[in-house]
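Asker: Starting off with a structure, shown below.
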Amino acid sequence: MAKADYYAILEVEKNADAEVLKKAYRKKAMRFHPDRNPGDKTAEAKFKEISEAYEVLKDEQKRAAYDRFGHAAFDPAQGGRPGGAGFEANFGAGSSFADVFDDLFGEFMGGRRGGRGAARGADLRYNLGVSLEDAYAGKQVTVRVPAQAACEACTGSGSTGGTQPVTCGTCGGAGKVRAQQGFFTIERTCPTCHGSGRIIRDPCRVCSGSGRVHKEKTLSVKIPAGVEDGTRIRLSGEGEAGVRGSPAGDLYIFVSVTAHRLFQRDGANIYCRVPIPMALAALGGQIDVPTVGGTRARLTIPEGTQSGHQFRLKGKGMPVMRGQGQGDMYVQAVVETPMNLNKRQRELLQEFQRTGGRDTHPESEGFFAKVKELWEDLKD
């Protein structure tokens, strides 16, 4: 079966520059990445196809060969290219799923910085739940994170007793080796030092030469006032330690705000349903309502307040995270019908019902008047 065109796979024009290629790859890679589609073989195959296309088109030499010879430039069965020296493109798991993805997303969740040879520590994720009250006021919290920390015995070097790693003789400390194939130069991770550029002659007995040990870290995290559900807080360098003194990864705190029994939140605004006794709604008056900040707010109920009416309390909502001002609080009146009436209360309501009229219940009177007209029209 013929392979799809690399430009068509990424949905870009043949004259697309590096930035356009990168954006196109990023969009598609995020959509079809296996972590977002667990168990989906179709998505996994699509991700491999996207990664293969980008691996070729992002490299000027590979792209030039592809533009000239198409897929034949990378097909060993055809000698690499028609009538010329062979060229083998490496699209194994280490290339498409690690190197290519890290080129774009190295700043988040386990990517590598400072080149492919740097064995940067993995990023870590910590899920933190906070109450709505804590989200309103902000809070300093302590979290305990199990992780790989730098070995104290060898100060993270991986070598015993102050000895230092030596430069790798295979790559000369570069962490990469190059090989000439035809008129192309292929660069791969050094197989001897695995990209570190150094060799441990006398490994540390505590960490077995890795420079890392398993340890629980205790960290203090500041939760800003107004934090929203799903907010991500990055603690640089607080992830797992890198191998043999390499840079540490980052710790990402994912905040989830728990549901409140009284308040509902929408951005910086707070909503609350408050039951209003029927007599108070009819006659008017004042009530105290709670706010998310823990205080009380005096609310004036006008005569004839209907169920569903909203009152706005300006500035009584959530603070804007890392911004200025606060949202508002909206109180929705729910007029409560009396229940469990005693004899006297029932008599008073019956008297009220007899003496009432269109003026006391204009909405219901108007509704049933329209119903009556409808029935009369149907008879005609």
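Note on naming: chains are A, B, ... as they come in the structure tokens, residues start from 1 per chain, ligands start from 1 in the order shown.
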Among stretch 134-338 of chain A, which ones does DSSP place in helix (DSSP H, G or I), written as a PDB file with N, CA and C atoms, in the first residue's frame?
Answerer:
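Result file follows (states14.pdb):
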```pdb
ATOM      1  N   ASP A 134     -10.864  28.279  50.773  1.00  0.00           N
ATOM      2  CA  ASP A 134      -9.417  28.423  50.601  1.00  0.00           C
ATOM      3  C   ASP A 134      -9.088  29.042  49.243  1.00  0.00           C
ATOM      4  N   ALA A 135      -9.877  28.698  48.237  1.00  0.00           N
ATOM      5  CA  ALA A 135      -9.675  29.298  46.920  1.00  0.00           C
ATOM      6  C   ALA A 135      -9.967  30.793  46.960  1.00  0.00           C
ATOM      7  N   TYR A 136     -10.903  31.197  47.821  1.00  0.00           N
ATOM      8  CA  TYR A 136     -11.243  32.618  47.952  1.00  0.00           C
ATOM      9  C   TYR A 136     -10.114  33.394  48.637  1.00  0.00           C
ATOM     10  N   ALA A 137      -9.612  32.858  49.736  1.00  0.00           N
ATOM     11  CA  ALA A 137      -8.637  33.586  50.539  1.00  0.00           C
ATOM     12  C   ALA A 137      -7.195  33.316  50.142  1.00  0.00           C
ATOM     13  N   VAL A 243      19.694  12.184  36.138  1.00  0.00           N
ATOM     14  CA  VAL A 243      20.703  11.142  36.304  1.00  0.00           C
ATOM     15  C   VAL A 243      22.091  11.773  36.361  1.00  0.00           C
ATOM     16  N   ARG A 244      22.853  11.411  37.409  1.00  0.00           N
ATOM     17  CA  ARG A 244      24.252  11.822  37.560  1.00  0.00           C
ATOM     18  C   ARG A 244      24.447  13.336  37.441  1.00  0.00           C
ATOM     19  N   GLY A 245      23.662  14.057  38.218  1.00  0.00           N
ATOM     20  CA  GLY A 245      23.846  15.499  38.293  1.00  0.00           C
ATOM     21  C   GLY A 245      23.160  16.301  37.213  1.00  0.00           C
ATOM     22  N   MET A 278     -42.995  33.114  52.246  1.00  0.00           N
ATOM     23  CA  MET A 278     -44.000  33.739  51.389  1.00  0.00           C
ATOM     24  C   MET A 278     -44.427  35.106  51.922  1.00  0.00           C
ATOM     25  N   ALA A 279     -44.629  35.215  53.223  1.00  0.00           N
ATOM     26  CA  ALA A 279     -45.072  36.482  53.798  1.00  0.00           C
ATOM     27  C   ALA A 279     -44.023  37.567  53.603  1.00  0.00           C
ATOM     28  N   LEU A 280     -42.732  37.210  53.782  1.00  0.00           N
ATOM     29  CA  LEU A 280     -41.662  38.184  53.596  1.00  0.00           C
ATOM     30  C   LEU A 280     -41.572  38.615  52.138  1.00  0.00           C
ATOM     31  N   ALA A 281     -41.752  37.663  51.224  1.00  0.00           N
ATOM     32  CA  ALA A 281     -41.710  38.008  49.809  1.00  0.00           C
ATOM     33  C   ALA A 281     -42.868  38.930  49.430  1.00  0.00           C
ATOM     34  N   ALA A 282     -44.015  38.716  50.058  1.00  0.00           N
ATOM     35  CA  ALA A 282     -45.187  39.536  49.741  1.00  0.00           C
ATOM     36  C   ALA A 282     -45.106  40.924  50.379  1.00  0.00           C
ATOM     37  N   LEU A 283     -44.683  40.975  51.641  1.00  0.00           N
ATOM     38  CA  LEU A 283     -44.691  42.236  52.379  1.00  0.00           C
ATOM     39  C   LEU A 283     -43.377  43.012  52.275  1.00  0.00           C
TER      40      LEU A 283
END
```
Asker: Using atom CA of A:His194 and atom CA of A:Gly239 as the two end points, give the distance in Å to one decimal.
Answerer: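 Atom-to-atom, atom CA of A:His194 and atom CA of A:Gly239 are spaced 21.5 Å apart.
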Asker: Could you jot down the atom CA of A:Tyr7 to atom CA of A:Lys41 separation for me, Å, one decimal place?
Answerer: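 Straight-line distance from atom CA of A:Tyr7 to atom CA of A:Lys41 works out to 22.6 Å.
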Asker: In Å to one decimal, how far is atom CA of A:Leu57 from atom CA of A:Ala16?
Answerer: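 The value is 9.7 Å.
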Asker: So that I can check the surroundings of A:Leu299, please list as a list of chain:residue names every protein, DNA and RNA residue that reaches within 9 Å of it, counting only C-alpha atoms and ignoring chain neighbours fewer than 6 positions away.
Answerer: A:Gly285, A:Gln286, A:Ile287, A:Asp288, A:Val289, A:Phe311, A:Leu313
Asker: Just to be explicit: take each residue in the selection above, keep all heavy atoms, and write the result as a PDB file, in the first residue's frame.
Answerer:
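Now in part_35.pdb:
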```
ATOM      1  N   GLY A 285     -39.007  43.196  53.216  1.00  0.00           N
ATOM      2  CA  GLY A 285     -38.243  43.208  54.461  1.00  0.00           C
ATOM      3  C   GLY A 285     -36.763  43.053  54.182  1.00  0.00           C
ATOM      4  O   GLY A 285     -36.297  43.306  53.063  1.00  0.00           O
ATOM      5  N   GLN A 286     -36.030  42.616  55.175  1.00  0.00           N
ATOM      6  CA  GLN A 286     -34.592  42.447  55.045  1.00  0.00           C
ATOM      7  C   GLN A 286     -34.162  41.085  55.591  1.00  0.00           C
ATOM      8  O   GLN A 286     -34.751  40.580  56.558  1.00  0.00           O
ATOM      9  CB  GLN A 286     -33.840  43.559  55.788  1.00  0.00           C
ATOM     10  CG  GLN A 286     -33.985  44.928  55.152  1.00  0.00           C
ATOM     11  CD  GLN A 286     -33.141  45.973  55.864  1.00  0.00           C
ATOM     12  OE1 GLN A 286     -32.933  45.898  57.078  1.00  0.00           O
ATOM     13  NE2 GLN A 286     -32.646  46.964  55.114  1.00  0.00           N
ATOM     14  N   ILE A 287     -33.125  40.519  54.969  1.00  0.00           N
ATOM     15  CA  ILE A 287     -32.545  39.260  55.442  1.00  0.00           C
ATOM     16  C   ILE A 287     -31.030  39.360  55.350  1.00  0.00           C
ATOM     17  O   ILE A 287     -30.483  40.189  54.608  1.00  0.00           O
ATOM     18  CB  ILE A 287     -33.031  38.052  54.621  1.00  0.00           C
ATOM     19  CG1 ILE A 287     -32.632  38.213  53.144  1.00  0.00           C
ATOM     20  CG2 ILE A 287     -34.522  37.839  54.777  1.00  0.00           C
ATOM     21  CD1 ILE A 287     -32.886  36.968  52.320  1.00  0.00           C
ATOM     22  N   ASP A 288     -30.350  38.544  56.128  1.00  0.00           N
ATOM     23  CA  ASP A 288     -28.890  38.435  56.056  1.00  0.00           C
ATOM     24  C   ASP A 288     -28.546  37.159  55.296  1.00  0.00           C
ATOM     25  O   ASP A 288     -29.068  36.073  55.594  1.00  0.00           O
ATOM     26  CB  ASP A 288     -28.274  38.386  57.454  1.00  0.00           C
ATOM     27  CG  ASP A 288     -28.362  39.722  58.177  1.00  0.00           C
ATOM     28  OD1 ASP A 288     -28.422  40.750  57.472  1.00  0.00           O
ATOM     29  OD2 ASP A 288     -28.394  39.733  59.416  1.00  0.00           O
ATOM     30  N   VAL A 289     -27.661  37.287  54.325  1.00  0.00           N
ATOM     31  CA  VAL A 289     -27.235  36.122  53.539  1.00  0.00           C
ATOM     32  C   VAL A 289     -25.733  35.934  53.728  1.00  0.00           C
ATOM     33  O   VAL A 289     -24.988  36.894  53.921  1.00  0.00           O
ATOM     34  CB  VAL A 289     -27.558  36.303  52.037  1.00  0.00           C
ATOM     35  CG1 VAL A 289     -29.063  36.360  51.823  1.00  0.00           C
ATOM     36  CG2 VAL A 289     -26.896  37.538  51.468  1.00  0.00           C
ATOM     37  N   PHE A 311     -30.844  38.928  42.937  1.00  0.00           N
ATOM     38  CA  PHE A 311     -30.278  40.132  43.535  1.00  0.00           C
ATOM     39  C   PHE A 311     -28.765  40.097  43.346  1.00  0.00           C
ATOM     40  O   PHE A 311     -28.123  39.058  43.546  1.00  0.00           O
ATOM     41  CB  PHE A 311     -30.610  40.198  45.031  1.00  0.00           C
ATOM     42  CG  PHE A 311     -32.082  40.242  45.330  1.00  0.00           C
ATOM     43  CD1 PHE A 311     -32.793  39.062  45.538  1.00  0.00           C
ATOM     44  CD2 PHE A 311     -32.751  41.443  45.399  1.00  0.00           C
ATOM     45  CE1 PHE A 311     -34.147  39.085  45.820  1.00  0.00           C
ATOM     46  CE2 PHE A 311     -34.113  41.480  45.683  1.00  0.00           C
ATOM     47  CZ  PHE A 311     -34.817  40.304  45.891  1.00  0.00           C
ATOM     48  N   LEU A 313     -25.073  41.349  44.493  1.00  0.00           N
ATOM     49  CA  LEU A 313     -24.255  41.956  45.538  1.00  0.00           C
ATOM     50  C   LEU A 313     -22.886  42.234  44.920  1.00  0.00           C
ATOM     51  O   LEU A 313     -22.058  41.325  44.758  1.00  0.00           O
ATOM     52  CB  LEU A 313     -24.138  41.027  46.747  1.00  0.00           C
ATOM     53  CG  LEU A 313     -25.459  40.698  47.454  1.00  0.00           C
ATOM     54  CD1 LEU A 313     -25.217  39.705  48.579  1.00  0.00           C
ATOM     55  CD2 LEU A 313     -26.128  41.964  47.980  1.00  0.00           C
TER      56      LEU A 313
END
```
Asker: May I have the residues within 8 Å of stretch 196-209 of chain A as a list of chain:residue names, using only C-alpha atoms and disregarding those fewer than 5 positions away in the same chain?
Answerer: A:Gly117, A:Ala118, A:Ala119, A:Cys151, A:Ala153, A:Cys154, A:Ser157, A:Gly158, A:Ser159, A:Thr160, A:Gly161, A:Thr163, A:Gln164, A:Pro165, A:Val166, A:Thr167, A:Cys168, A:Cys171, A:Gly172, A:Gly173, A:Ala174, A:Gly175, A:Lys176, A:Cys190, A:Arg244
Asker: Give the strand (DSSP E or B) residues of stretch 106-212 of chain A, as assigned by DSSP on the backbone, as an NGL selection string.
Answerer: :A and (124-130 or 139-150 or 159 or 166-167 or 176-181 or 184-189 or 198-199 or 203 or 212)
Asker: Please dump the current selection as a JSON list (two decimals), in the first residue's frame; keep N, CA and C atoms.
Answerer:
```json
[["chain", "number", "residue", "atom", "x", "y", "z"],
["A", 124, "LEU", "N", 6.90, 15.77, 37.54],
["A", 124, "LEU", "CA", 5.94, 15.08, 38.39],
["A", 124, "LEU", "C", 4.63, 15.85, 38.46],
["A", 125, "ARG", "N", 3.56, 15.12, 38.69],
["A", 125, "ARG", "CA", 2.23, 15.73, 38.83],
["A", 125, "ARG", "C", 1.69, 15.42, 40.23],
["A", 126, "TYR", "N", 1.09, 16.44, 40.86],
["A", 126, "TYR", "CA", 0.48, 16.27, 42.17],
["A", 126, "TYR", "C", -0.91, 16.89, 42.12],
["A", 127, "ASN", "N", -1.94, 16.11, 42.44],
["A", 127, "ASN", "CA", -3.32, 16.59, 42.44],
["A", 127, "ASN", "C", -3.67, 17.11, 43.84],
["A", 128, "LEU", "N", -4.06, 18.38, 43.90],
["A", 128, "LEU", "CA", -4.35, 19.03, 45.18],
["A", 128, "LEU", "C", -5.78, 19.55, 45.18],
["A", 129, "GLY", "N", -6.57, 19.08, 46.14],
["A", 129, "GLY", "CA", -7.93, 19.57, 46.30],
["A", 129, "GLY", "C", -8.01, 20.66, 47.36],
["A", 130, "VAL", "N", -8.71, 21.75, 47.06],
["A", 130, "VAL", "CA", -8.88, 22.84, 48.02],
["A", 130, "VAL", "C", -10.36, 23.19, 48.10],
["A", 139, "LYS", "N", -4.01, 30.22, 50.20],
["A", 139, "LYS", "CA", -3.54, 29.41, 51.33],
["A", 139, "LYS", "C", -2.14, 28.88, 51.05],
["A", 140, "GLN", "N", -1.37, 28.72, 52.12],
["A", 140, "GLN", "CA", -0.06, 28.07, 52.04],
["A", 140, "GLN", "C", -0.26, 26.63, 52.50],
["A", 141, "VAL", "N", 0.01, 25.68, 51.61],
["A", 141, "VAL", "CA", -0.20, 24.28, 51.94],
["A", 141, "VAL", "C", 1.12, 23.52, 51.85],
["A", 142, "THR", "N", 1.18, 22.42, 52.59],
["A", 142, "THR", "CA", 2.36, 21.54, 52.58],
["A", 142, "THR", "C", 2.00, 20.25, 51.85],
["A", 143, "VAL", "N", 2.82, 19.88, 50.87],
["A", 143, "VAL", "CA", 2.58, 18.64, 50.13],
["A", 143, "VAL", "C", 3.79, 17.74, 50.28],
["A", 144, "ARG", "N", 3.55, 16.45, 50.28],
["A", 144, "ARG", "CA", 4.63, 15.46, 50.35],
["A", 144, "ARG", "C", 4.62, 14.65, 49.06],
["A", 145, "VAL", "N", 5.75, 14.69, 48.39],
["A", 145, "VAL", "CA", 5.84, 14.10, 47.06],
["A", 145, "VAL", "C", 6.94, 13.04, 47.05],
["A", 146, "PRO", "N", 6.62, 11.77, 46.80],
["A", 146, "PRO", "CA", 7.66, 10.76, 46.64],
["A", 146, "PRO", "C", 8.34, 10.93, 45.28],
["A", 147, "ALA", "N", 9.67, 10.95, 45.28],
["A", 147, "ALA", "CA", 10.39, 11.20, 44.02],
["A", 147, "ALA", "C", 11.81, 10.68, 44.11],
["A", 148, "GLN", "N", 12.50, 10.71, 42.99],
["A", 148, "GLN", "CA", 13.92, 10.41, 42.94],
["A", 148, "GLN", "C", 14.68, 11.70, 43.25],
["A", 149, "ALA", "N", 15.44, 11.70, 44.35],
["A", 149, "ALA", "CA", 16.21, 12.87, 44.76],
["A", 149, "ALA", "C", 17.69, 12.61, 44.55],
["A", 150, "ALA", "N", 18.48, 13.68, 44.51],
["A", 150, "ALA", "CA", 19.93, 13.54, 44.32],
["A", 150, "ALA", "C", 20.54, 12.78, 45.50],
["A", 159, "SER", "N", 29.45, 8.76, 41.35],
["A", 159, "SER", "CA", 30.79, 8.21, 41.58],
["A", 159, "SER", "C", 31.08, 8.11, 43.07],
["A", 166, "VAL", "N", 34.50, 10.16, 34.07],
["A", 166, "VAL", "CA", 35.47, 10.50, 33.02],
["A", 166, "VAL", "C", 34.73, 10.69, 31.71],
["A", 167, "THR", "N", 35.37, 11.41, 30.83],
["A", 167, "THR", "CA", 34.77, 11.69, 29.52],
["A", 167, "THR", "C", 34.65, 10.41, 28.71],
["A", 176, "LYS", "N", 26.69, 12.31, 21.65],
["A", 176, "LYS", "CA", 26.16, 11.94, 20.36],
["A", 176, "LYS", "C", 27.28, 11.44, 19.46],
["A", 177, "VAL", "N", 26.96, 10.57, 18.57],
["A", 177, "VAL", "CA", 27.92, 10.08, 17.57],
["A", 177, "VAL", "C", 27.33, 10.31, 16.19],
["A", 178, "ARG", "N", 28.22, 10.53, 15.24],
["A", 178, "ARG", "CA", 27.78, 10.77, 13.87],
["A", 178, "ARG", "C", 28.30, 9.69, 12.94],
["A", 179, "ALA", "N", 27.51, 9.39, 11.94],
["A", 179, "ALA", "CA", 27.91, 8.39, 10.95],
["A", 179, "ALA", "C", 27.54, 8.91, 9.58],
["A", 180, "GLN", "N", 28.43, 8.72, 8.62],
["A", 180, "GLN", "CA", 28.21, 9.17, 7.26],
["A", 180, "GLN", "C", 27.52, 8.07, 6.46],
["A", 181, "GLN", "N", 26.39, 8.39, 5.87],
["A", 181, "GLN", "CA", 25.67, 7.45, 5.00],
["A", 181, "GLN", "C", 25.39, 8.17, 3.69],
["A", 184, "PHE", "N", 24.68, 12.05, 3.35],
["A", 184, "PHE", "CA", 24.02, 12.51, 4.56],
["A", 184, "PHE", "C", 24.81, 12.12, 5.79],
["A", 185, "THR", "N", 24.73, 12.94, 6.83],
["A", 185, "THR", "CA", 25.36, 12.66, 8.11],
["A", 185, "THR", "C", 24.26, 12.36, 9.13],
["A", 186, "ILE", "N", 24.33, 11.19, 9.74],
["A", 186, "ILE", "CA", 23.33, 10.77, 10.72],
["A", 186, "ILE", "C", 23.90, 10.96, 12.12],
["A", 187, "GLU", "N", 23.11, 11.60, 12.99],
["A", 187, "GLU", "CA", 23.53, 11.84, 14.38],
["A", 187, "GLU", "C", 22.63, 11.06, 15.31],
["A", 188, "ARG", "N", 23.27, 10.22, 16.19],
["A", 188, "ARG", "CA", 22.48, 9.40, 17.13],
["A", 188, "ARG", "C", 23.08, 9.53, 18.53],
["A", 189, "THR", "N", 22.27, 9.12, 19.53],
["A", 189, "THR", "CA", 22.74, 9.11, 20.91],
["A", 189, "THR", "C", 23.87, 8.09, 21.06],
["A", 198, "ARG", "N", 29.60, 11.07, 29.76],
["A", 198, "ARG", "CA", 30.55, 10.69, 30.80],
["A", 198, "ARG", "C", 30.36, 9.22, 31.18],
["A", 199, "ILE", "N", 31.42, 8.64, 31.69],
["A", 199, "ILE", "CA", 31.42, 7.24, 32.11],
["A", 199, "ILE", "C", 31.79, 7.15, 33.59],
["A", 203, "PRO", "N", 31.25, 3.26, 40.56],
["A", 203, "PRO", "CA", 29.89, 3.66, 40.92],
["A", 203, "PRO", "C", 29.68, 3.78, 42.44],
["A", 212, "ARG", "N", 20.93, 9.02, 42.05],
["A", 212, "ARG", "CA", 19.61, 9.31, 42.60],
["A", 212, "ARG", "C", 19.17, 8.23, 43.58]]
```
Asker: Which residue gives the smallest distance to A:Val255 among A:Gln350, A:Thr355, A:Ser131, A:Gln306, with only C-alpha atoms counted?
Answerer: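 Among the listed residues, A:Ser131 lies closest to A:Val255.
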Asker: Considering only C-alpha atoms, state which residue in the set A:His33, A:Ala73, A:Pro302, A:Lys46 is at the smallest distance from A:Gln61.
Answerer: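 Distance minimum relative to A:Gln61 lands on A:Ala73.
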